[in-house]
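Chemist: Here you go, coords24.txt (compact mmCIF, C-alpha atoms (C1' of nucleotides)):
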```txt
# COMPACT_ATOMS: atom_id res chain seq x y z
CA MET A 29 -44.01 51.27 6.11
CA LYS A 30 -43.31 54.99 5.67
CA ILE A 31 -43.01 56.87 8.97
CA ALA A 32 -42.78 60.66 8.70
CA THR A 33 -42.26 63.41 11.28
CA PHE A 34 -43.38 66.99 10.67
CA ASN A 35 -43.37 70.03 12.99
CA VAL A 36 -46.29 71.95 11.46
CA ASN A 37 -46.11 75.18 13.56
CA SER A 38 -49.90 75.33 14.14
CA LEU A 39 -52.01 72.62 12.54
CA ARG A 40 -55.03 74.86 12.01
CA ALA A 41 -52.92 77.49 10.22
CA ARG A 42 -51.25 74.72 8.19
CA ILE A 43 -54.09 72.29 7.48
CA ASP A 44 -54.11 72.81 3.69
CA ASN A 45 -50.32 72.39 3.51
CA VAL A 46 -50.36 69.22 5.62
CA VAL A 47 -53.21 67.60 3.67
CA ALA A 48 -51.53 68.46 0.36
CA TRP A 49 -48.32 66.85 1.56
CA ILE A 50 -50.09 63.71 2.81
CA GLU A 51 -51.75 63.24 -0.57
CA ARG A 52 -48.41 63.68 -2.29
CA ALA A 53 -46.17 61.62 0.03
CA GLU A 54 -48.67 59.07 1.36
CA PRO A 55 -46.99 58.32 4.69
CA ASP A 56 -48.37 55.35 6.62
CA VAL A 57 -47.58 57.05 9.92
CA LEU A 58 -47.28 60.81 10.44
CA LEU A 59 -45.88 62.18 13.70
CA LEU A 60 -46.92 65.81 14.19
CA GLN A 61 -45.55 68.46 16.54
CA GLU A 62 -46.50 72.02 17.47
CA LEU A 63 -50.21 71.52 16.88
CA LYS A 64 -50.92 74.70 18.89
CA CYS A 65 -54.47 73.56 19.55
CA GLU A 66 -56.36 71.76 22.26
CA THR A 67 -57.15 68.08 21.77
CA ALA A 68 -60.85 68.81 21.22
CA ALA A 69 -60.00 71.36 18.50
CA PHE A 70 -57.84 68.94 16.51
CA PRO A 71 -59.16 68.84 12.90
CA ARG A 72 -59.74 65.08 12.62
CA GLU A 73 -62.07 65.09 9.64
CA PRO A 74 -59.58 65.69 6.80
CA PHE A 75 -57.34 62.95 8.16
CA GLU A 76 -60.04 60.39 8.96
CA ALA A 77 -61.51 60.98 5.49
CA ARG A 78 -58.16 59.86 4.09
CA GLY A 79 -58.02 56.74 6.23
CA TYR A 80 -55.90 57.96 9.13
CA ALA A 81 -56.61 57.17 12.77
CA CYS A 82 -55.47 59.92 15.17
CA ALA A 83 -53.97 59.85 18.67
CA VAL A 84 -53.79 63.46 19.84
CA VAL A 85 -52.29 65.18 22.89
CA GLY A 86 -53.08 68.86 22.45
CA GLN A 87 -52.78 72.00 24.52
CA LYS A 88 -53.96 75.57 24.12
CA SER A 89 -51.60 77.94 22.26
CA TRP A 90 -48.39 75.92 22.38
CA ASN A 91 -46.88 72.47 21.94
CA GLY A 92 -49.21 69.59 21.03
CA VAL A 93 -48.30 66.28 19.38
CA ALA A 94 -50.16 63.60 17.43
CA ILE A 95 -49.75 60.23 15.77
CA LEU A 96 -51.69 59.75 12.53
CA SER A 97 -51.79 56.25 11.06
CA ARG A 98 -53.47 54.59 8.13
CA ARG A 99 -52.59 51.19 9.62
CA GLY A 100 -54.66 51.74 12.73
CA ILE A 101 -53.54 52.69 16.20
CA ASP A 102 -53.25 50.10 18.95
CA GLY A 103 -52.90 50.77 22.65
CA PRO A 104 -51.89 51.40 25.18
CA VAL A 105 -51.56 55.06 24.16
CA LEU A 106 -49.05 56.81 26.42
CA GLU A 107 -49.92 60.51 26.60
CA ARG A 108 -47.01 61.85 28.60
CA LEU A 109 -43.35 61.17 29.13
CA PRO A 110 -42.87 59.48 32.52
CA GLY A 111 -40.77 61.00 35.28
CA GLU A 112 -42.20 64.46 36.11
CA PRO A 113 -45.95 64.21 36.75
CA GLU A 114 -46.28 67.97 37.31
CA ASP A 115 -45.09 68.63 33.74
CA GLU A 116 -48.25 69.76 31.91
CA GLN A 117 -46.67 70.47 28.51
CA ALA A 118 -48.08 68.38 25.63
CA ARG A 119 -44.85 67.05 24.17
CA TYR A 120 -45.16 63.25 24.02
CA VAL A 121 -47.52 60.61 22.64
CA GLU A 122 -46.72 56.94 22.06
CA ALA A 123 -48.74 54.09 20.59
CA THR A 124 -48.40 50.91 18.53
CA VAL A 125 -48.85 50.80 14.76
CA ALA A 126 -48.60 47.52 12.84
CA GLY A 127 -46.45 46.02 15.57
CA VAL A 128 -44.09 49.01 15.77
CA ARG A 129 -44.09 51.15 18.90
CA VAL A 130 -43.96 54.77 17.68
CA ALA A 131 -43.69 58.05 19.60
CA ALA A 132 -44.15 61.65 18.52
CA ILE A 133 -41.89 63.85 20.59
CA TYR A 134 -41.55 67.62 20.83
CA LEU A 135 -38.42 68.17 22.85
CA PRO A 136 -38.22 71.55 24.63
CA ASN A 137 -36.31 74.25 22.78
CA GLY A 138 -34.42 75.37 25.90
CA ASN A 139 -33.70 78.97 24.92
CA PRO A 140 -32.79 81.35 26.33
CA VAL A 141 -30.01 79.47 28.09
CA GLY A 142 -29.69 80.95 31.58
CA THR A 143 -33.42 80.79 32.26
CA GLU A 144 -35.43 77.90 33.69
CA LYS A 145 -36.08 76.78 30.10
CA TYR A 146 -32.66 75.20 29.67
CA PRO A 147 -32.68 73.04 32.82
CA TYR A 148 -36.22 71.99 31.82
CA LYS A 149 -34.86 70.84 28.46
CA LEU A 150 -32.07 68.85 30.13
CA ARG A 151 -34.49 67.28 32.62
CA TRP A 152 -36.78 66.35 29.75
CA MET A 153 -33.86 64.72 27.92
CA ALA A 154 -32.93 62.77 31.07
CA ARG A 155 -36.52 61.56 31.36
CA LEU A 156 -36.49 60.60 27.69
CA LYS A 157 -33.25 58.69 28.20
CA ALA A 158 -34.75 56.70 31.07
CA HIS A 159 -37.86 55.91 29.04
CA ALA A 160 -35.80 55.09 25.94
CA ARG A 161 -33.90 52.51 28.01
CA ASP A 162 -37.18 50.92 29.10
CA LEU A 163 -38.41 50.82 25.50
CA LEU A 164 -35.23 49.06 24.34
CA ALA A 165 -35.60 46.49 27.11
CA ARG A 166 -38.81 45.30 25.46
CA GLY A 167 -36.78 44.19 22.45
CA GLY A 168 -39.28 45.04 19.69
CA PRO A 169 -39.19 47.62 16.89
CA VAL A 170 -39.51 51.21 18.17
CA ALA A 171 -39.34 54.57 16.37
CA LEU A 172 -38.88 57.77 18.39
CA GLY A 173 -39.58 60.57 15.94
CA GLY A 174 -40.10 64.27 16.22
CA ASP A 175 -38.65 67.71 16.67
CA TRP A 176 -35.74 66.94 18.97
CA ASN A 177 -34.49 70.55 19.01
CA VAL A 178 -30.95 69.15 18.89
CA ILE A 179 -28.33 69.87 16.22
CA PRO A 180 -26.28 66.67 16.60
CA ALA A 181 -23.07 67.83 14.90
CA ALA A 182 -21.47 70.83 13.17
CA ALA A 183 -22.25 69.23 9.79
CA ASP A 184 -25.94 69.64 10.67
CA ALA A 185 -25.87 73.45 10.56
CA ALA A 186 -25.12 75.78 7.66
CA ASP A 187 -23.25 78.08 10.04
CA PRO A 188 -22.38 76.15 13.22
CA SER A 189 -20.52 79.15 14.68
CA ALA A 190 -23.86 80.95 14.96
CA TRP A 191 -25.18 78.22 17.29
CA THR A 192 -22.31 77.59 19.74
CA GLU A 193 -24.10 79.04 22.79
CA ASP A 194 -27.59 78.05 21.66
CA ALA A 195 -29.66 75.50 23.58
CA LEU A 196 -29.96 73.42 20.39
CA PHE A 197 -26.20 72.97 19.97
CA ARG A 198 -24.48 73.46 23.35
CA PRO A 199 -22.10 70.62 24.27
CA GLN A 200 -24.38 69.62 27.15
CA THR A 201 -27.31 69.26 24.76
CA ARG A 202 -25.36 67.21 22.23
CA ARG A 203 -23.97 65.04 25.02
CA ALA A 204 -27.47 64.28 26.29
CA PHE A 205 -28.52 63.34 22.74
CA ARG A 206 -25.50 61.06 22.34
CA GLU A 207 -26.25 59.42 25.69
CA ILE A 208 -29.61 58.37 24.29
CA LEU A 209 -28.07 57.13 21.03
CA HIS A 210 -25.46 55.16 22.97
CA LEU A 211 -28.16 53.14 24.70
CA GLY A 212 -28.50 51.43 21.34
CA TRP A 213 -30.58 53.75 19.15
CA THR A 214 -29.86 54.55 15.50
CA ASP A 215 -30.31 58.02 13.95
CA ALA A 216 -32.22 56.71 10.93
CA PHE A 217 -31.30 59.57 8.61
CA ARG A 218 -27.58 59.47 9.45
CA ALA A 219 -27.53 55.68 9.06
CA VAL A 220 -28.29 56.00 5.36
CA ASP A 221 -27.13 59.51 4.38
CA ALA A 222 -23.68 60.81 5.37
CA ARG A 223 -23.94 64.12 3.50
CA PRO A 224 -23.51 67.33 5.53
CA HIS A 225 -26.08 70.14 5.40
CA GLN A 226 -29.24 68.07 5.07
CA PHE A 227 -31.57 70.40 6.96
CA THR A 228 -35.10 70.05 8.32
CA PHE A 229 -35.58 73.63 9.60
CA TRP A 230 -35.01 77.06 8.10
CA ASP A 231 -35.89 80.22 10.01
CA TYR A 232 -38.60 82.46 8.57
CA GLN A 233 -36.22 85.41 8.92
CA ALA A 234 -33.44 86.78 6.76
CA ARG A 235 -34.35 84.66 3.69
CA ALA A 236 -32.90 81.59 5.42
CA TRP A 237 -34.74 79.15 3.12
CA GLU A 238 -33.59 80.86 -0.05
CA ARG A 239 -30.00 80.83 1.24
CA ASP A 240 -30.27 77.21 2.53
CA ASP A 241 -29.25 78.52 5.95
CA GLY A 242 -30.79 75.68 7.95
CA ILE A 243 -30.29 73.14 10.71
CA ARG A 244 -31.07 69.42 11.09
CA ILE A 245 -33.13 69.10 14.28
CA ASP A 246 -35.95 66.71 13.34
CA HIS A 247 -34.91 63.11 13.86
CA VAL A 248 -36.22 59.55 13.94
CA LEU A 249 -34.32 57.24 16.30
CA LEU A 250 -34.80 53.50 15.77
CA SER A 251 -34.35 50.57 18.14
CA PRO A 252 -32.15 47.74 16.80
CA ALA A 253 -35.14 45.67 15.69
CA ALA A 254 -36.44 48.67 13.70
CA ALA A 255 -33.03 49.78 12.41
CA ASP A 256 -32.55 46.34 10.87
CA ARG A 257 -35.56 47.13 8.66
CA ILE A 258 -34.44 50.55 7.25
CA LYS A 259 -35.09 50.80 3.52
CA GLY A 260 -34.48 54.53 3.27
CA ALA A 261 -34.58 57.92 5.00
CA TRP A 262 -34.88 61.32 3.40
CA VAL A 263 -35.82 64.95 3.98
CA ASP A 264 -38.77 66.04 1.83
CA ARG A 265 -38.07 69.70 1.09
CA TRP A 266 -41.21 70.24 -0.97
CA PRO A 267 -43.49 71.56 1.82
CA ARG A 268 -40.96 74.20 2.91
CA GLY A 269 -41.09 75.82 -0.53
CA GLN A 270 -44.90 76.15 -0.58
CA GLU A 271 -46.95 79.23 0.32
CA LYS A 272 -47.67 79.60 4.05
CA ALA A 273 -45.11 76.90 4.87
CA SER A 274 -44.10 75.71 8.31
CA ASP A 275 -40.51 76.59 9.18
CA HIS A 276 -39.83 72.82 9.40
CA THR A 277 -40.12 70.24 6.63
CA PRO A 278 -40.86 66.49 6.95
CA LEU A 279 -38.32 63.74 7.50
CA VAL A 280 -39.44 60.35 6.14
CA VAL A 281 -38.13 56.92 7.18
CA GLU A 282 -39.15 53.78 5.30
CA LEU A 283 -39.04 50.43 7.09
CA ALA A 284 -39.39 47.04 5.42
CA ASP A 285 -42.64 45.30 6.33
CA ASP A 286 -42.42 42.16 8.43
C1' DA B 13 -28.82 93.46 17.02
C1' DT B 14 -33.77 95.14 22.07
C1' DG B 15 -32.57 93.27 14.78
C1' DG B 16 -34.70 89.91 11.01
C1' DC B 17 -40.73 86.44 10.61
C1' DT B 18 -44.85 83.85 11.94
C1' DG B 19 -48.15 82.01 15.06
C1' DT B 20 -51.45 82.38 19.11
C1' DT B 21 -53.67 85.36 22.11
C1' DC B 22 -56.28 88.57 28.08
C1' DT B 23 -55.61 91.62 20.07
C1' DA B 24 -50.02 93.66 23.07
C1' DA B 25 -46.21 98.98 24.09
C1' DA B 26 -46.72 90.34 24.54
C1' DC B 27 -44.74 85.95 24.19
C1' DA B 28 -42.68 81.92 22.04
C1' DG B 29 -40.28 79.72 18.67
C1' DA B 30 -35.18 78.12 16.98
```
Any chance you could give the structure as structure tokens?

Modeler:
Amino acid sequence: MKIATFNVNSLRARIDNVVAWIERAEPDVLLLQELKCETAAFPREPFEARGYACAVVGQKSWNGVAILSRRGIDGPVLERLPGEPEDEQARYVEATVAGVRVAAIYLPNGNPVGTEKYPYKLRWMARLKAHARDLLARGGPVALGGDWNVIPAAADAADPSAWTEDALFRPQTRRAFREILHLGWTDAFRAVDARPHQFTFWDYQARAWERDDGIRIDHVLLSPAAADRIKGAWVDRWPRGQEKASDHTPLVVELADD
DNA sequence: ATGGCTGTTCTAAACAGA
């Protein structure tokens, strides 16, 4: 089963790119972030026509996440991360696909540090940690995939010195990410690929893509029962080189079928 | 560097992203 995560930076602006990539890569499950559209405006037709069921949590203008699956979607569908009921931002959706519990997450960016945005990011990570512990307690295969907005280590940035005070790389951010890993999760990409500088995001500015000046911030974390089934994990750089590309590119994780 | 791009939007001399 191929599970992919892709921050599309507006699905309506990117629909041709996303459909072209699906036809090329044929993921079984696609976790989308930054839909930038309301749930009712989600373009289901091109996906359903290709056999994908859709679980969508959208929001006007910003955020928005979805799970697309060509192996069906089973409930219960969880449409928000527990722990802060007043949080209205569309950043979490979780459902079951072929016996695997999968979540699409869009973790807050947190910049600029020094505003309310950074504490919100840290609270969101604490909520995710608590929920990740509950998910592990169930014992089954789980994949938490998405735009984590975390650079885990210096090897995950072309120029780590440029990110030292950034919300994506501050020690507090990396510590919160490690706390989740240490519950028993596996960074699927790092489990199979030790090479530095394997990026999933390149800024639109300053010819960052052409200079390979990127960061690795899109991740799939696997529970032990899922990690035992890893067949491969790779970054697919093809979409980032296309016209009208998102600033992110997909990460794909392949799990052995039961 | 109040820089650099790209998207959505109360079409902005704005705001957010990362």

Chemist: Need the shell around Cys65 in chain A: protein/DNA/RNA residues with any atom at most 12 Å away, counting all atoms listed in the file. Skip same-chain ones fewer than 2 positions apart. Format as a list in words?

Modeler: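 Near neighbours after the sequence-gap exclusion: Val36, Asn37, Ser38, Leu39, Arg40, Ala41, Arg42, Gln61, Glu62, Leu63, Thr67, Ala68, Ala69, Phe70, Pro71, Val84, Val85, Gly86, Gln87, Lys88, Ser89, Trp90, Asn91, Gly92, Val93, Ala94 and Ala118 of chain A; DG19 and DT20 of chain B.
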
Chemist: To one decimal in Å, tell me the separation between C1' of DA24 in chain B and CA of Tyr146 in chain A.

Modeler: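 These atoms are spaced 26.2 Å apart.
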
Chemist: Compare A:Ile31, A:Ala195, A:Ala219, A:Cys82 by their minimum atom-to-atom distance to Pro140 in chain A, counting all atoms listed in the file, and give me the closest one.

Modeler: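 Looking at the shortest contact to Pro140 in chain A, the residue is A:Ala195.
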
Chemist: Extending 5 Å beyond the listed atoms of range 15-26 of chain B on each side, what axis-aligned box results? I want centre and edge lengths in Å to one decimal, as AutoDock Vina command-line options.

Modeler:
```
--center_x -44.4 --center_y 90.5 --center_z 19.3 --size_x 33.7 --size_y 27.0 --size_z 27.5
```

Chemist: Could you work out which residues of chain A fall inside 6 Å of chain B? Count all atoms listed in the file, and format the result as a list in words.

Modeler: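 Going by the stated atoms only, the list reads Ser89, Tyr232, Gln233 and Ala234 of chain A.
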
Chemist: Take the residues from that selection and write them out as an mmCIF file, in the frame of the given file, keeping C-alpha atoms.

Modeler:
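out_36.cif was written with the following content:
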```cif
data_model
loop_
_atom_site.group_PDB
_atom_site.id
_atom_site.type_symbol
_atom_site.label_atom_id
_atom_site.label_comp_id
_atom_site.auth_asym_id
_atom_site.auth_seq_id
_atom_site.Cartn_x
_atom_site.Cartn_y
_atom_site.Cartn_z
ATOM 1 C CA SER A 89 -51.600 77.940 22.260
ATOM 2 C CA TYR A 232 -38.600 82.460 8.570
ATOM 3 C CA GLN A 233 -36.220 85.410 8.920
ATOM 4 C CA ALA A 234 -33.440 86.780 6.760
#
```

Chemist: Tell me which of A:Leu156, A:Val280, A:Ala53, A:Ala273 sits closest to Lys259 in chain A, counting all atoms listed in the file.

Modeler: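 Closest residue, counting all atoms listed in the file: A:Val280.
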
Chemist: Choose the residue, out of A:Arg119, A:Ala158, A:Gln226, A:Trp237, that has the smallest atom-to-atom separation from Ser274 in chain A; count only C-alpha atoms.

Modeler: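 So, comparing all the options, the nearest one is A:Trp237.
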
Chemist: I'd like the neighbourhood of Asp275 in chain A as a PyMOL selection string, where a residue qualifies if any of its atoms comes within 7 Å (using all atoms listed in the file), though same-chain residues fewer than 4 positions away should be ignored.

Modeler: chain A and resi 229-232+268

Chemist: Smallest atom-to-atom distance to Gly111 in chain A: which of A:His159, A:Leu211, A:Val248, A:Pro55, using only C-alpha atoms?

Modeler: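 Selected residue with least distance to Gly111 in chain A: A:His159.
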
Chemist: Let me make sure I understand: among A:Arg223, A:Ala253, A:Met153, A:Pro267, which one has the smallest atom-to-atom distance to Glu51 in chain A if we use only C-alpha atoms?

Modeler: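 The answer is A:Pro267, which sits nearest to Glu51 in chain A.
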